>>> print(open('coords_6.pdb').read())   # PDB, C-alpha atoms
ATOM      1  CA  ARG T1186     -80.571   0.362  64.917
ATOM      2  CA  ARG T1187     -78.718   2.370  62.491
ATOM      3  CA  ALA T1188     -80.783   3.609  59.605
ATOM      4  CA  ARG T1189     -79.686   2.043  56.416
ATOM      5  CA  ARG T1190     -78.565   4.475  53.900
ATOM      6  CA  GLN T1191     -80.306   3.860  50.637
ATOM      7  CA  ALA T1192     -78.671   4.847  47.414
ATOM      8  CA  PRO T1193     -80.670   7.470  45.564
ATOM      9  CA  ARG T1194     -82.883   5.958  42.932
ATOM     10  CA  THR T1195     -82.539   7.137  39.391
ATOM     11  CA  ARG T1196     -85.680   7.621  37.365
ATOM     12  CA  ARG T1197     -85.823   6.208  33.917
ATOM     13  CA  LEU T1198     -87.423   8.578  31.475
ATOM     14  CA  ARG T1199     -89.175   7.114  28.504
ATOM     15  CA  THR T1200     -89.334   9.307  25.454
ATOM     16  CA  ALA T1201     -91.438   8.791  22.375
ATOM     17  CA  GLN T1202     -90.915  10.296  18.959
ATOM     18  CA  VAL T1203     -93.669  12.733  18.107
ATOM     19  CA  LEU T1204     -94.742  12.737  14.488
ATOM     20  CA  PRO T1205     -97.042  15.410  13.067
ATOM     21  CA  GLN T1206    -100.481  13.980  12.471
ATOM     22  CA  LEU T1207    -103.697  15.531  11.286
ATOM     23  CA  LYS T1208    -106.829  14.151  12.895
ATOM     24  CA  GLY T1209    -110.413  15.295  12.701
ATOM     25  CA  ASP T1210    -111.275  18.870  11.809
ATOM     26  CA  ALA T1211    -108.246  20.769  10.502
ATOM     27  CA  GLY T1212    -109.572  24.000  12.007
ATOM     28  CA  ALA T1213    -109.417  22.545  15.511
ATOM     29  CA  GLU T1214    -105.946  21.046  15.223
ATOM     30  CA  ALA T1215    -102.481  22.528  15.605
ATOM     31  CA  PRO T1216    -100.767  23.499  12.335
ATOM     32  CA  PRO T1217     -99.074  20.509  10.656
ATOM     33  CA  ASP T1218     -95.574  20.405   9.225
ATOM     34  CA  LEU T1219     -96.467  22.743   6.367
ATOM     35  CA  PRO T1220     -93.147  22.597   4.438
ATOM     36  CA  SER T1221     -93.454  18.818   4.222
ATOM     37  CA  PHE T1222     -97.042  19.041   3.006
ATOM     38  CA  LEU T1223     -96.042  21.542   0.324
ATOM     39  CA  PHE T1224     -93.088  19.414  -0.733
ATOM     40  CA  LYS T1225     -95.376  16.381  -1.009
ATOM     41  CA  GLU T1226     -97.358  18.341  -3.614
ATOM     42  CA  ARG T1227     -94.099  19.108  -5.518
ATOM     43  CA  ILE T1228     -94.069  22.733  -4.353
ATOM     44  CA  VAL T1229     -90.693  24.392  -3.695
ATOM     45  CA  TYR T1230     -90.929  27.697  -1.827
ATOM     46  CA  LEU T1231     -88.275  30.421  -1.759
ATOM     47  CA  GLY T1232     -89.336  32.886   0.928
ATOM     48  CA  MET T1233     -86.000  34.229   2.164
ATOM     49  CA  THR T1234     -82.871  36.011   1.042
ATOM     50  CA  LEU T1235     -80.608  33.830  -1.085
ATOM     51  CA  VAL T1236     -77.908  32.602   1.291
ATOM     52  CA  PRO T1237     -75.951  29.311   1.082
ATOM     53  CA  SER T1238     -78.217  27.376   3.484
ATOM     54  CA  VAL T1239     -81.341  28.347   1.500
ATOM     55  CA  THR T1240     -79.686  27.460  -1.802
ATOM     56  CA  GLU T1241     -78.597  24.069  -0.459
ATOM     57  CA  LEU T1242     -82.180  23.215   0.528
ATOM     58  CA  ILE T1243     -83.704  24.309  -2.805
ATOM     59  CA  LEU T1244     -81.120  22.358  -4.818
ATOM     60  CA  ALA T1245     -81.806  19.237  -2.753
ATOM     61  CA  GLN T1246     -85.556  19.601  -3.267
ATOM     62  CA  LEU T1247     -85.259  20.075  -7.032
ATOM     63  CA  LEU T1248     -82.982  17.059  -7.400
ATOM     64  CA  TYR T1249     -85.158  14.848  -5.209
ATOM     65  CA  LEU T1250     -88.353  15.771  -7.067
ATOM     66  CA  GLN T1251     -86.641  14.816 -10.321
ATOM     67  CA  TYR T1252     -85.770  11.446  -8.803
ATOM     68  CA  ASP T1253     -89.317  11.071  -7.429
ATOM     69  CA  ASP T1254     -91.053  11.576 -10.795
ATOM     70  CA  PRO T1255     -89.271  13.210 -13.752
ATOM     71  CA  SER T1256     -92.525  13.513 -15.727
ATOM     72  CA  LYS T1257     -94.455  15.731 -13.297
ATOM     73  CA  PRO T1258     -93.837  19.501 -13.119
ATOM     74  CA  ILE T1259     -92.253  21.248 -10.155
ATOM     75  CA  TYR T1260     -94.014  24.361  -8.813
ATOM     76  CA  PHE T1261     -91.510  27.002  -7.674
ATOM     77  CA  TYR T1262     -93.062  29.776  -5.561
ATOM     78  CA  ILE T1263     -90.877  32.879  -5.103
ATOM     79  CA  ASN T1264     -91.041  35.676  -2.537
ATOM     80  CA  SER T1265     -87.498  36.967  -2.148
ATOM     81  CA  THR T1266     -85.402  40.128  -2.409
ATOM     82  CA  GLY T1267     -82.507  38.209  -3.958
ATOM     83  CA  THR T1268     -79.136  38.358  -2.238
ATOM     84  CA  THR T1269     -79.772  41.688  -0.489
ATOM     85  CA  LYS T1270     -82.133  42.874   2.226
ATOM     86  CA  ASN T1271     -82.640  46.500   3.295
ATOM     87  CA  GLY T1272     -79.667  47.467   1.146
ATOM     88  CA  GLU T1273     -77.338  45.009   2.900
ATOM     89  CA  LYS T1274     -75.710  42.251   0.894
ATOM     90  CA  LEU T1275     -76.291  38.882   2.581
ATOM     91  CA  GLY T1276     -75.579  36.331  -0.136
ATOM     92  CA  TYR T1277     -73.658  35.773  -3.331
ATOM     93  CA  GLU T1278     -74.847  35.911  -6.932
ATOM     94  CA  ALA T1279     -73.465  32.390  -7.344
ATOM     95  CA  GLU T1280     -76.393  31.187  -5.233
ATOM     96  CA  ALA T1281     -78.857  32.256  -7.940
ATOM     97  CA  PHE T1282     -76.671  30.834 -10.709
ATOM     98  CA  ALA T1283     -76.558  27.458  -8.917
ATOM     99  CA  ILE T1284     -80.358  27.305  -8.721
ATOM    100  CA  TYR T1285     -80.701  28.498 -12.329
ATOM    101  CA  ASP T1286     -78.340  25.788 -13.582
ATOM    102  CA  THR T1287     -80.226  23.142 -11.611
ATOM    103  CA  ILE T1288     -83.570  24.295 -13.038
ATOM    104  CA  GLN T1289     -82.102  23.828 -16.513
ATOM    105  CA  TYR T1290     -80.566  20.490 -15.542
ATOM    106  CA  VAL T1291     -83.550  18.659 -14.014
ATOM    107  CA  LYS T1292     -85.943  16.873 -16.361
ATOM    108  CA  PRO T1293     -89.295  17.994 -14.852
ATOM    109  CA  PRO T1294     -90.573  21.335 -16.176
ATOM    110  CA  VAL T1295     -90.346  24.050 -13.512
ATOM    111  CA  HIS T1296     -93.344  26.382 -13.238
ATOM    112  CA  THR T1297     -92.424  29.637 -11.478
ATOM    113  CA  LEU T1298     -94.792  31.946  -9.606
ATOM    114  CA  CYS T1299     -94.069  35.237  -7.818
ATOM    115  CA  VAL T1300     -96.253  35.533  -4.715
ATOM    116  CA  GLY T1301     -94.774  38.726  -3.260
ATOM    117  CA  ASN T1302     -91.410  40.120  -4.287
ATOM    118  CA  ALA T1303     -89.003  38.958  -6.961
ATOM    119  CA  TRP T1304     -86.080  41.381  -6.904
ATOM    120  CA  GLY T1305     -82.654  41.083  -8.440
ATOM    121  CA  GLU T1306     -81.486  37.475  -8.484
ATOM    122  CA  ALA T1307     -84.978  36.283  -7.502
ATOM    123  CA  ALA T1308     -86.328  37.891 -10.679
ATOM    124  CA  LEU T1309     -83.744  35.924 -12.659
ATOM    125  CA  LEU T1310     -85.056  32.682 -11.139
ATOM    126  CA  LEU T1311     -88.649  33.719 -11.826
ATOM    127  CA  SER T1312     -87.855  34.267 -15.507
ATOM    128  CA  SER T1313     -86.024  30.927 -15.742
ATOM    129  CA  GLY T1314     -89.101  28.725 -15.519
ATOM    130  CA  LYS T1315     -90.664  26.915 -18.442
ATOM    131  CA  LYS T1316     -91.839  29.340 -21.122
ATOM    132  CA  GLY T1317     -95.572  29.840 -20.842
ATOM    133  CA  CYS T1318     -95.541  28.820 -17.155
ATOM    134  CA  ARG T1319     -93.867  31.881 -15.585
ATOM    135  CA  SER T1320     -96.489  33.774 -13.609
ATOM    136  CA  ALA T1321     -97.095  36.357 -10.904
ATOM    137  CA  LEU T1322     -99.974  37.328  -8.678
ATOM    138  CA  PRO T1323    -101.557  40.735  -9.407
ATOM    139  CA  SER T1324    -100.029  42.582  -6.422
ATOM    140  CA  SER T1325     -96.507  41.228  -6.867
ATOM    141  CA  SER T1326     -93.467  43.489  -7.140
ATOM    142  CA  LEU T1327     -90.693  42.677  -9.610
ATOM    143  CA  MET T1328     -87.398  44.500  -9.916
ATOM    144  CA  LEU T1329     -84.269  44.208 -12.049
ATOM    145  CA  LYS T1330     -81.004  45.538 -10.689
ATOM    146  CA  GLN T1331     -77.275  45.221 -11.078
ATOM    147  CA  PRO T1332     -75.255  42.906  -8.836
ATOM    148  CA  ILE T1333     -73.628  44.785  -5.966
ATOM    149  CA  GLN T1334     -70.455  44.200  -3.993
ATOM    150  CA  GLN T1335     -69.010  45.782  -0.874
ATOM    151  CA  PHE T1336     -65.288  46.479  -0.758
ATOM    152  CA  GLN T1337     -64.087  46.955   2.803
ATOM    153  CA  GLY T1338     -60.662  46.365   4.261
ATOM    154  CA  LEU T1339     -59.143  45.316   0.926
ATOM    155  CA  GLN T1340     -55.930  46.520  -0.629
ATOM    156  CA  ALA T1341     -55.968  48.112  -4.074
ATOM    157  CA  SER T1342     -54.932  44.983  -6.004
ATOM    158  CA  ASP T1343     -57.650  42.901  -4.318
ATOM    159  CA  ILE T1344     -60.270  45.527  -5.132
ATOM    160  CA  GLN T1345     -59.273  45.341  -8.797
ATOM    161  CA  ILE T1346     -59.674  41.545  -8.760
ATOM    162  CA  LYS T1347     -63.107  41.867  -7.139
ATOM    163  CA  ARG T1348     -64.156  44.466  -9.704
ATOM    164  CA  LEU T1349     -63.237  42.160 -12.587
ATOM    165  CA  GLU T1350     -65.155  39.290 -11.031
ATOM    166  CA  LEU T1351     -68.177  41.532 -10.440
ATOM    167  CA  ARG T1352     -68.099  42.542 -14.091
ATOM    168  CA  LYS T1353     -68.141  38.877 -15.145
ATOM    169  CA  ILE T1354     -71.101  38.234 -12.851
ATOM    170  CA  LYS T1355     -72.967  41.214 -14.322
ATOM    171  CA  ASP T1356     -72.319  40.007 -17.878
ATOM    172  CA  GLU T1357     -73.560  36.517 -16.996
ATOM    173  CA  TYR T1358     -76.634  37.958 -15.296
ATOM    174  CA  CYS T1359     -77.495  40.107 -18.323
ATOM    175  CA  SER T1360     -76.883  37.198 -20.688
ATOM    176  CA  ILE T1361     -79.274  34.888 -18.816
ATOM    177  CA  MET T1362     -81.923  37.568 -18.366
ATOM    178  CA  GLY T1363     -81.647  38.528 -22.032
ATOM    179  CA  LYS T1364     -82.234  34.932 -23.097
ATOM    180  CA  ASN T1365     -85.177  34.551 -20.719
ATOM    181  CA  CYS T1366     -86.802  37.853 -21.731
ATOM    182  CA  GLY T1367     -86.033  37.664 -25.442
ATOM    183  CA  LYS T1368     -83.828  40.769 -25.393
ATOM    184  CA  GLU T1369     -80.225  41.593 -26.136
ATOM    185  CA  ALA T1370     -77.862  41.579 -23.171
ATOM    186  CA  GLU T1371     -76.940  45.191 -23.954
ATOM    187  CA  VAL T1372     -80.592  46.200 -23.545
ATOM    188  CA  LEU T1373     -80.728  44.537 -20.128
ATOM    189  CA  GLU T1374     -77.509  46.239 -19.048
ATOM    190  CA  LYS T1375     -78.895  49.643 -20.044
ATOM    191  CA  ASP T1376     -82.255  49.018 -18.355
ATOM    192  CA  MET T1377     -80.510  47.925 -15.149
ATOM    193  CA  SER T1378     -78.282  50.984 -14.937
ATOM    194  CA  ARG T1379     -80.785  51.951 -12.229
ATOM    195  CA  SER T1380     -83.190  49.689 -10.379
ATOM    196  CA  LEU T1381     -86.076  48.878 -12.722
ATOM    197  CA  TYR T1382     -89.364  48.172 -10.939
ATOM    198  CA  LEU T1383     -92.105  46.405 -12.895
ATOM    199  CA  THR T1384     -95.736  45.648 -12.188
ATOM    200  CA  PRO T1385     -96.830  42.126 -13.177
ATOM    201  CA  ASP T1386     -98.474  43.443 -16.357
ATOM    202  CA  GLU T1387     -95.343  45.413 -17.251
ATOM    203  CA  ALA T1388     -93.287  42.285 -16.586
ATOM    204  CA  VAL T1389     -95.423  40.387 -19.113
ATOM    205  CA  ASP T1390     -94.765  43.077 -21.736
ATOM    206  CA  TYR T1391     -91.055  43.007 -20.863
ATOM    207  CA  GLY T1392     -90.881  39.225 -21.317
ATOM    208  CA  LEU T1393     -89.947  38.499 -17.716
ATOM    209  CA  ILE T1394     -93.086  36.412 -17.128
ATOM    210  CA  ASP T1395     -95.901  35.044 -19.269
ATOM    211  CA  ASN T1396     -99.052  35.376 -17.166
ATOM    212  CA  VAL T1397    -100.665  37.377 -14.404
ATOM    213  CA  LEU T1398    -102.890  35.064 -12.404
ATOM    214  CA  ARG T1399    -106.105  36.920 -11.768
ATOM    215  CA  GLU T1400    -109.688  35.741 -11.756
ATOM    216  CA  ASP T1401    -111.494  38.314 -13.832
ATOM    217  CA  ALA T1402    -113.021  38.719 -17.259
ATOM    218  CA  ALA T1403    -109.897  40.248 -18.787
ATOM    219  CA  ASN T1404    -107.924  37.001 -18.633
ATOM    220  CA  PHE T1405    -110.681  35.020 -20.310
ATOM    221  CA  MET T1406    -111.436  37.698 -22.900
ATOM    222  CA  SER T1407    -107.793  37.787 -23.981
ATOM    223  CA  GLY T1408    -107.795  34.025 -24.528
ATOM    224  CA  GLN T1409    -104.530  33.810 -22.607
ATOM    225  CA  GLN T1410    -103.600  30.290 -21.551
ATOM    226  CA  THR T1411    -102.663  30.246 -17.879
ATOM    227  CA  PRO T1412    -100.963  27.237 -16.261
ATOM    228  CA  GLU T1413    -102.797  25.186 -13.682
ATOM    229  CA  TRP T1414    -101.498  26.026 -10.213
ATOM    230  CA  LYS T1415    -101.924  24.076  -7.042
TER     231      LYS T1415
END
>>> encode(input="coords_6.pdb", output="structure tokens")
Amino acid sequence: RRARRQAPRTRRLRTAQVLPQLKGDAGAEAPPDLPSFLFKERIVYLGMTLVPSVTELILAQLLYLQYDDPSKPIYFYINSTGTTKNGEKLGYEAEAFAIYDTIQYVKPPVHTLCVGNAWGEAALLLSSGKKGCRSALPSSSLMLKQPIQQFQGLQASDIQIKRLELRKIKDEYCSIMGKNCGKEAEVLEKDMSRSLYLTPDEAVDYGLIDNVLREDAANFMSGQQTPEWK
């Protein structure tokens, strides 16, 4: 008898969608989807350089939280070096302006908090929160600086166009920062002629923020009202 040739059998694989769940003791479980948990508590976190993909996500979160409940505040945590990292320009100043405009546009008050660095354009966003609710942790680093641009492989006429646009961006940056800090734009332009580093307490005196969140007697003795943070 000739052996019958059997066609190879194909295995059917059954897949199931895995959803993050938290069961039992949190210390014994794998980390949950932390960004989703933060977002559920109306917390928006900027922890990267400002590039288009990051800006797109933050804008979507701000707009959704307004739709979700326009009466509840949004908590905006910031730890970013702006549009540059290690001296290299990675993003555009327009990214910060887009987030700033959206903060002004949405109905919920936006409480800002620096939890690490707030340099350049990130400092602008930090100062753009609701007055009285702009804060920083005691070891934070804040820095004001001029917008930068790299001109490579451009002909002379294109460089001139870029220079004019960069000047407009600088004027807009100083105008917004001046309004947020209660200073004239000319003062900001002079102060930013070189990178201006500020401690959180110096930033309070400068008008960049309103509070330094620390748990000691000094805060209570001063009678300073600090916002409730989650």
>>> residues_around(input="coords_6.pdb", residues="region 1351-1353 of chain T", least_positions_apart="6", cutoff="10 Å", atoms="all atoms listed in the file", output="JSON list (two decimals) with C-alpha atoms, in the coordinates of the input")
[["chain", "number", "residue", "atom", "x", "y", "z"],
["T", 1278, "GLU", "CA", -74.85, 35.91, -6.93],
["T", 1331, "GLN", "CA", -77.28, 45.22, -11.08],
["T", 1332, "PRO", "CA", -75.26, 42.91, -8.84],
["T", 1333, "ILE", "CA", -73.63, 44.78, -5.97],
["T", 1334, "GLN", "CA", -70.46, 44.20, -3.99],
["T", 1345, "GLN", "CA", -59.27, 45.34, -8.80],
["T", 1359, "CYS", "CA", -77.50, 40.11, -18.32]]
>>> residues_around(input="coords_6.pdb", residues="Glu1280 (chain T)", least_positions_apart="5", cutoff="9 Å", atoms="all atoms listed in the file", output="PyMOL selection string")
chain T and resi 1235-1237+1239-1241+1268+1285+1306
>>> closest_residue(input="coords_6.pdb", among="T:Leu1381, T:Leu1247, T:Val1300, T:Ile1259", to="Met1328 (chain T)", atoms="all atoms listed in the file")
T:Leu1381
>>> resolve_selection(input="coords_6.pdb", expression="the PyMOL selection byres ((chain T and resi 1251-1258) around 9)", output="PDB file with C-alpha atoms, in the coordinates of the input")
ATOM      1  CA  ARG T1227     -94.099  19.108  -5.518  1.00  0.00           C
ATOM      2  CA  GLN T1246     -85.556  19.601  -3.267  1.00  0.00           C
ATOM      3  CA  LEU T1247     -85.259  20.075  -7.032  1.00  0.00           C
ATOM      4  CA  LEU T1248     -82.982  17.059  -7.400  1.00  0.00           C
ATOM      5  CA  TYR T1249     -85.158  14.848  -5.209  1.00  0.00           C
ATOM      6  CA  LEU T1250     -88.353  15.771  -7.067  1.00  0.00           C
ATOM      7  CA  ILE T1259     -92.253  21.248 -10.155  1.00  0.00           C
ATOM      8  CA  TYR T1260     -94.014  24.361  -8.813  1.00  0.00           C
ATOM      9  CA  VAL T1291     -83.550  18.659 -14.014  1.00  0.00           C
ATOM     10  CA  LYS T1292     -85.943  16.873 -16.361  1.00  0.00           C
ATOM     11  CA  PRO T1293     -89.295  17.994 -14.852  1.00  0.00           C
ATOM     12  CA  PRO T1294     -90.573  21.335 -16.176  1.00  0.00           C
ATOM     13  CA  VAL T1295     -90.346  24.050 -13.512  1.00  0.00           C
ATOM     14  CA  HIS T1296     -93.344  26.382 -13.238  1.00  0.00           C
TER      15      HIS T1296
END
>>> closest_residue(input="coords_6.pdb", among="T:Ala1303, T:Met1362, T:Leu1383, T:Ala1279", to="Met1233 (chain T)", atoms="only C-alpha atoms")
T:Ala1303
>>> atom_distance(input="coords_6.pdb", atom1="CA of Leu1398 (chain T)", atom2="CA of Leu1322 (chain T)")
5.2 Å
>>> residues_near_point(input="coords_6.pdb", point="(-79.0, 50.9, -13.4)", cutoff="12 Å", atoms="only C-alpha atoms", output="list in words")
Gly1305, Met1328, Leu1329, Lys1330, Gln1331, Pro1332, Ile1333, Lys1355, Cys1359, Val1372, Leu1373, Glu1374, Lys1375, Asp1376, Met1377, Ser1378, Arg1379, Ser1380, Leu1381 and Tyr1382 of chain T
>>> write_last_selection(input="coords_6.pdb", atoms="C-alpha atoms", output="PDB file, in the frame of the given file")
ATOM      1  CA  GLY T1305     -82.654  41.083  -8.440  1.00  0.00           C
ATOM      2  CA  MET T1328     -87.398  44.500  -9.916  1.00  0.00           C
ATOM      3  CA  LEU T1329     -84.269  44.208 -12.049  1.00  0.00           C
ATOM      4  CA  LYS T1330     -81.004  45.538 -10.689  1.00  0.00           C
ATOM      5  CA  GLN T1331     -77.275  45.221 -11.078  1.00  0.00           C
ATOM      6  CA  PRO T1332     -75.255  42.906  -8.836  1.00  0.00           C
ATOM      7  CA  ILE T1333     -73.628  44.785  -5.966  1.00  0.00           C
ATOM      8  CA  LYS T1355     -72.967  41.214 -14.322  1.00  0.00           C
ATOM      9  CA  CYS T1359     -77.495  40.107 -18.323  1.00  0.00           C
ATOM     10  CA  VAL T1372     -80.592  46.200 -23.545  1.00  0.00           C
ATOM     11  CA  LEU T1373     -80.728  44.537 -20.128  1.00  0.00           C
ATOM     12  CA  GLU T1374     -77.509  46.239 -19.048  1.00  0.00           C
ATOM     13  CA  LYS T1375     -78.895  49.643 -20.044  1.00  0.00           C
ATOM     14  CA  ASP T1376     -82.255  49.018 -18.355  1.00  0.00           C
ATOM     15  CA  MET T1377     -80.510  47.925 -15.149  1.00  0.00           C
ATOM     16  CA  SER T1378     -78.282  50.984 -14.937  1.00  0.00           C
ATOM     17  CA  ARG T1379     -80.785  51.951 -12.229  1.00  0.00           C
ATOM     18  CA  SER T1380     -83.190  49.689 -10.379  1.00  0.00           C
ATOM     19  CA  LEU T1381     -86.076  48.878 -12.722  1.00  0.00           C
ATOM     20  CA  TYR T1382     -89.364  48.172 -10.939  1.00  0.00           C
TER      21      TYR T1382
END
>>> resolve_selection(input="coords_6.pdb", expression="the PyMOL selection byres ((chain T and resi 1230) around 10)", output="list of chain:residue names")
T:Pro1220, T:Leu1223, T:Phe1224, T:Arg1227, T:Ile1228, T:Val1229, T:Leu1231, T:Gly1232, T:Met1233, T:Ile1243, T:Gln1246, T:Tyr1260, T:Phe1261, T:Tyr1262, T:Ile1263, T:Asn1264, T:Ser1265, T:Thr1297, T:Leu1298, T:Val1300
>>> atom_distance(input="coords_6.pdb", atom1="CA of Pro1385 (chain T)", atom2="CA of Ser1324 (chain T)")
7.5 Å
>>> closest_residue(input="coords_6.pdb", among="T:Leu1219, T:Ala1283, T:Leu1242, T:Asp1386", to="Ala1321 (chain T)", atoms="all atoms listed in the file")
T:Asp1386
>>> closest_residue(input="coords_6.pdb", among="T:Ser1326, T:Asp1390, T:Ala1307, T:Thr1234", to="Lys1270 (chain T)", atoms="all atoms listed in the file")
T:Thr1234
>>> atom_distance(input="coords_6.pdb", atom1="CA of Cys1366 (chain T)", atom2="CA of Glu1387 (chain T)")
12.3 Å
>>> build_atoms(input="coords_6.pdb", residues="region 1239-1252 of chain T", atoms="N, CA and C atoms", output="PDB file, in the coordinates of the input")
ATOM      1  N   VAL T1239     -80.091  28.375   2.263  1.00  0.00           N
ATOM      2  CA  VAL T1239     -81.341  28.347   1.500  1.00  0.00           C
ATOM      3  C   VAL T1239     -81.112  27.686   0.145  1.00  0.00           C
ATOM      4  N   THR T1240     -80.014  28.052  -0.504  1.00  0.00           N
ATOM      5  CA  THR T1240     -79.686  27.460  -1.802  1.00  0.00           C
ATOM      6  C   THR T1240     -79.510  25.955  -1.694  1.00  0.00           C
ATOM      7  N   GLU T1241     -78.824  25.504  -0.651  1.00  0.00           N
ATOM      8  CA  GLU T1241     -78.597  24.069  -0.459  1.00  0.00           C
ATOM      9  C   GLU T1241     -79.917  23.319  -0.360  1.00  0.00           C
ATOM     10  N   LEU T1242     -80.885  23.871   0.366  1.00  0.00           N
ATOM     11  CA  LEU T1242     -82.180  23.215   0.528  1.00  0.00           C
ATOM     12  C   LEU T1242     -82.942  23.158  -0.791  1.00  0.00           C
ATOM     13  N   ILE T1243     -82.955  24.270  -1.546  1.00  0.00           N
ATOM     14  CA  ILE T1243     -83.704  24.309  -2.805  1.00  0.00           C
ATOM     15  C   ILE T1243     -83.092  23.346  -3.825  1.00  0.00           C
ATOM     16  N   LEU T1244     -81.771  23.290  -3.893  1.00  0.00           N
ATOM     17  CA  LEU T1244     -81.120  22.358  -4.818  1.00  0.00           C
ATOM     18  C   LEU T1244     -81.480  20.915  -4.470  1.00  0.00           C
ATOM     19  N   ALA T1245     -81.466  20.599  -3.175  1.00  0.00           N
ATOM     20  CA  ALA T1245     -81.806  19.237  -2.753  1.00  0.00           C
ATOM     21  C   ALA T1245     -83.250  18.908  -3.105  1.00  0.00           C
ATOM     22  N   GLN T1246     -84.151  19.855  -2.940  1.00  0.00           N
ATOM     23  CA  GLN T1246     -85.556  19.601  -3.267  1.00  0.00           C
ATOM     24  C   GLN T1246     -85.755  19.392  -4.760  1.00  0.00           C
ATOM     25  N   LEU T1247     -85.121  20.220  -5.583  1.00  0.00           N
ATOM     26  CA  LEU T1247     -85.259  20.075  -7.032  1.00  0.00           C
ATOM     27  C   LEU T1247     -84.734  18.721  -7.499  1.00  0.00           C
ATOM     28  N   LEU T1248     -83.579  18.325  -6.979  1.00  0.00           N
ATOM     29  CA  LEU T1248     -82.982  17.059  -7.400  1.00  0.00           C
ATOM     30  C   LEU T1248     -83.804  15.869  -6.920  1.00  0.00           C
ATOM     31  N   TYR T1249     -84.341  15.960  -5.707  1.00  0.00           N
ATOM     32  CA  TYR T1249     -85.158  14.848  -5.209  1.00  0.00           C
ATOM     33  C   TYR T1249     -86.449  14.712  -6.011  1.00  0.00           C
ATOM     34  N   LEU T1250     -87.100  15.834  -6.321  1.00  0.00           N
ATOM     35  CA  LEU T1250     -88.353  15.771  -7.067  1.00  0.00           C
ATOM     36  C   LEU T1250     -88.129  15.210  -8.472  1.00  0.00           C
ATOM     37  N   GLN T1251     -86.958  15.450  -9.037  1.00  0.00           N
ATOM     38  CA  GLN T1251     -86.641  14.816 -10.321  1.00  0.00           C
ATOM     39  C   GLN T1251     -86.538  13.306 -10.139  1.00  0.00           C
ATOM     40  N   TYR T1252     -85.889  12.888  -9.078  1.00  0.00           N
ATOM     41  CA  TYR T1252     -85.770  11.446  -8.803  1.00  0.00           C
ATOM     42  C   TYR T1252     -87.138  10.837  -8.521  1.00  0.00           C
TER      43      TYR T1252
END
